[in-house]
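Worksheet: the structure to be examined is printed underneath.
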Amino acid sequence: MRSAKVNRRTLETDITGSIELDSQAESNIQTGIAFLDHMLLLFSRHGGLTLNLDATGDLEVDTHHTVEDIGIVIGQLIARAVGDKRGIRRYATEIIPMDEALVRVVIDVSGRPYLVFNAEFSSPNVGAFETQMTGEFFRAVAYNAGLTLHISCLYGNNDHHIIEAVFKAFGRCLKTALAIDPASPDTIPSTKGIL
């Protein structure tokens, strides 16, 4: 079972999380931001993984510290659970529609963190979630998980639909990239011998 646990405590947030990459048990997510809870449940369902997350943060300031630190924790969980990346497929691409919105996510589990985020939002918030934090969340995930991650909204005008498509596509893309390749289950997918 590829799994991990992380606790991150700062003066701004206190987050405990666990992940099981090969389990589809029910996830339990409490962040204090209802829209983010919903997005992370969608990510875990479409990612074919179990994510448990309990986060408290200085939401009286804004959502920035909490959302970014949750991204850090999820990235660390992914990195620890996947280990040396032996046998993974490594690359994946997903294109997901959500009504009028179409989103593409491309991943390389390279160990070289990088994010390209191309999505624009017309509203500052969806519920209590600040839309501009979408990119910050995925930057934190990518840099802590060691992912080269490209996210593009090809088109769309409803911010809820765009963000939901991003989280679903990311989950499905990550699931494919981290899947064990039955043709080479004991091989690290790099000519360098390390990722």
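For the structure tokens, the naming scheme is as follows: chains receive sequential letters (A, B, ...) according to their order of presentation, residues are indexed from 1 within each chain, and ligands are indexed from 1 in presentation order.
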
List the neighbours of range 119-131 of chain A out to 8 Å using only C-alpha atoms; skip same-chain residues closer than 6 positions along the sequence, and give me the result as JSON, numbers by chain. {"A": [33, 34, 35, 36, 63, 151, 152, 153, 157, 158, 159, 160]}

Range 5-94 of chain A: residues DSSP assigns to alpha helix (DSSP H), reported as number ranges by chain: A: 34-46, 64-82

Extract, using only C-alpha atoms, all DNA, RNA and protein residues at most 10 Å from Pro113 in chain A, discarding same-chain residues fewer than 3 positions from it, and format them as an NGL selection string. :A and (108-110 or 139-149)

Just want the 9 Å neighbourhood of Val67 in chain A, counted on only C-alpha atoms, with same-chain residues fewer than 3 positions away dropped. Output as a list of chain:residue names.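 Counting only the stated atoms, we get A:Thr31, A:Ile33, A:Leu36, A:Gly57, A:Thr63, A:His64, A:Ile70, A:Gly71, A:Ile72, A:Phe129, A:Met133, A:Thr134, A:Glu136, A:Phe137.
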
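Remark: for Lys5 in chain A, the closest of the candidate residues A:Ser18, A:Thr66, A:Thr93, A:Gln30 is A:Ser18 (distances computed over only C-alpha atoms).
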
According to DSSP computed on the backbone, where in range 29-169 of chain A is there strand (DSSP E)? Give the residues as a tab-separated table (two decimals) with N, CA and C atoms, in the first residue's frame.
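Once everything was written out, this is selection.tsv:
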chain	number	residue	atom	x	y	z
A	29	ILE	N	-12.53	15.13	4.69
A	29	ILE	CA	-11.81	16.38	4.48
A	29	ILE	C	-12.53	17.52	5.21
A	30	GLN	N	-11.79	18.19	6.08
A	30	GLN	CA	-12.31	19.33	6.83
A	30	GLN	C	-11.27	20.45	6.78
A	50	THR	N	-7.53	7.70	-1.38
A	50	THR	CA	-8.18	8.11	-0.15
A	50	THR	C	-7.36	9.23	0.47
A	51	LEU	N	-8.02	10.35	0.73
A	51	LEU	CA	-7.37	11.52	1.33
A	51	LEU	C	-8.13	11.89	2.59
A	52	ASN	N	-7.41	11.95	3.69
A	52	ASN	CA	-7.98	12.44	4.95
A	52	ASN	C	-7.22	13.70	5.33
A	53	LEU	N	-7.97	14.75	5.64
A	53	LEU	CA	-7.34	16.05	5.88
A	53	LEU	C	-8.13	16.81	6.92
A	54	ASP	N	-7.42	17.26	7.94
A	54	ASP	CA	-8.02	18.09	8.98
A	54	ASP	C	-7.17	19.34	9.10
A	55	ALA	N	-7.74	20.49	8.73
A	55	ALA	CA	-6.98	21.73	8.68
A	55	ALA	C	-7.69	22.84	9.44
A	56	THR	N	-6.92	23.57	10.22
A	56	THR	CA	-7.41	24.81	10.81
A	56	THR	C	-6.39	25.89	10.45
A	57	GLY	N	-6.91	27.07	10.17
A	57	GLY	CA	-6.02	28.16	9.78
A	57	GLY	C	-6.62	29.50	10.12
A	91	TYR	N	4.07	9.86	-16.93
A	91	TYR	CA	3.42	10.90	-17.71
A	91	TYR	C	1.92	10.64	-17.82
A	92	ALA	N	1.14	11.72	-17.91
A	92	ALA	CA	-0.30	11.57	-18.15
A	92	ALA	C	-0.88	12.89	-18.64
A	93	THR	N	-1.98	12.78	-19.36
A	93	THR	CA	-2.73	13.93	-19.86
A	93	THR	C	-4.21	13.64	-19.69
A	94	GLU	N	-4.96	14.62	-19.22
A	94	GLU	CA	-6.42	14.50	-19.13
A	94	GLU	C	-7.06	15.79	-19.64
A	95	ILE	N	-8.13	15.63	-20.36
A	95	ILE	CA	-8.95	16.77	-20.80
A	95	ILE	C	-10.37	16.51	-20.30
A	96	ILE	N	-10.87	17.44	-19.48
A	96	ILE	CA	-12.14	17.25	-18.78
A	96	ILE	C	-13.10	18.39	-19.11
A	97	PRO	N	-14.33	18.05	-19.54
A	97	PRO	CA	-15.35	19.10	-19.69
A	97	PRO	C	-16.18	19.24	-18.41
A	98	MET	N	-16.61	20.42	-18.16
A	98	MET	CA	-17.62	20.68	-17.11
A	98	MET	C	-18.56	21.71	-17.70
A	101	ALA	N	-17.11	24.64	-19.79
A	101	ALA	CA	-15.67	24.75	-19.56
A	101	ALA	C	-14.94	23.48	-20.01
A	102	LEU	N	-13.74	23.68	-20.54
A	102	LEU	CA	-12.90	22.56	-20.94
A	102	LEU	C	-11.49	22.82	-20.40
A	103	VAL	N	-10.97	21.85	-19.64
A	103	VAL	CA	-9.69	21.99	-18.96
A	103	VAL	C	-8.77	20.84	-19.34
A	104	ARG	N	-7.50	21.20	-19.56
A	104	ARG	CA	-6.47	20.19	-19.84
A	104	ARG	C	-5.42	20.22	-18.74
A	105	VAL	N	-5.06	19.03	-18.23
A	105	VAL	CA	-3.99	18.89	-17.25
A	105	VAL	C	-2.98	17.88	-17.78
A	106	VAL	N	-1.70	18.25	-17.70
A	106	VAL	CA	-0.62	17.38	-18.15
A	106	VAL	C	0.40	17.27	-17.00
A	107	ILE	N	0.81	16.05	-16.69
A	107	ILE	CA	1.73	15.80	-15.56
A	107	ILE	C	2.92	14.99	-16.03
A	108	ASP	N	4.09	15.38	-15.48
A	108	ASP	CA	5.29	14.55	-15.51
A	108	ASP	C	5.75	14.43	-14.06
A	114	TYR	N	7.56	22.20	-11.36
A	114	TYR	CA	7.28	23.35	-12.22
A	114	TYR	C	5.78	23.42	-12.42
A	115	LEU	N	5.26	24.64	-12.47
A	115	LEU	CA	3.83	24.82	-12.73
A	115	LEU	C	3.64	25.84	-13.82
A	116	VAL	N	2.83	25.48	-14.81
A	116	VAL	CA	2.27	26.43	-15.77
A	116	VAL	C	0.77	26.41	-15.53
A	117	PHE	N	0.22	27.55	-15.15
A	117	PHE	CA	-1.21	27.65	-14.82
A	117	PHE	C	-1.84	28.71	-15.69
A	118	ASN	N	-2.68	28.29	-16.62
A	118	ASN	CA	-3.35	29.20	-17.53
A	118	ASN	C	-4.86	29.09	-17.35
A	125	ASN	N	-14.38	35.34	-5.82
A	125	ASN	CA	-14.66	34.22	-4.92
A	125	ASN	C	-15.68	33.26	-5.53
A	126	VAL	N	-15.55	31.99	-5.13
A	126	VAL	CA	-16.63	31.02	-5.28
A	126	VAL	C	-16.91	30.56	-3.85
A	129	PHE	N	-14.12	30.62	-1.05
A	129	PHE	CA	-12.84	30.29	-1.68
A	129	PHE	C	-12.44	31.40	-2.64
A	130	GLU	N	-11.24	31.93	-2.46
A	130	GLU	CA	-10.73	32.96	-3.35
A	130	GLU	C	-10.21	32.31	-4.63
A	148	THR	N	6.10	18.20	-12.61
A	148	THR	CA	5.98	19.19	-13.67
A	148	THR	C	4.51	19.16	-14.07
A	149	LEU	N	3.82	20.28	-13.86
A	149	LEU	CA	2.36	20.31	-13.96
A	149	LEU	C	1.92	21.47	-14.83
A	150	HIS	N	1.19	21.15	-15.89
A	150	HIS	CA	0.63	22.16	-16.79
A	150	HIS	C	-0.89	22.09	-16.70
A	151	ILE	N	-1.51	23.20	-16.34
A	151	ILE	CA	-2.97	23.29	-16.23
A	151	ILE	C	-3.45	24.41	-17.12
A	152	SER	N	-4.37	24.10	-18.02
A	152	SER	CA	-4.89	25.12	-18.93
A	152	SER	C	-6.40	25.01	-19.03
A	153	CYS	N	-7.07	26.13	-18.83
A	153	CYS	CA	-8.49	26.21	-19.17
A	153	CYS	C	-8.56	26.59	-20.64
A	154	LEU	N	-9.00	25.67	-21.47
A	154	LEU	CA	-9.05	25.93	-22.90
A	154	LEU	C	-10.14	26.92	-23.24
A	155	TYR	N	-11.27	26.82	-22.52
A	155	TYR	CA	-12.33	27.82	-22.58
A	155	TYR	C	-13.32	27.56	-21.48

Quick one: of A:Thr13, A:Ser3, A:Thr187, A:Gln24, who's nearest to Ala79 in chain A, counting only C-alpha atoms?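 Checking each candidate against Ala79 in chain A, we get A:Ser3 as the closest.
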
From the options A:Met39, A:Asn7, A:Arg112, A:Asp69, which residue's atoms come nearest to Val166 in chain A, counting only C-alpha atoms?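 Among A:Met39, A:Asn7, A:Arg112, A:Asp69, it is A:Met39 that comes nearest to Val166 in chain A.
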
Have a look at CA of Arg89 in chain A and CA of Glu68 in chain A and let me know their distance in Å, one decimal. 27.6 Å
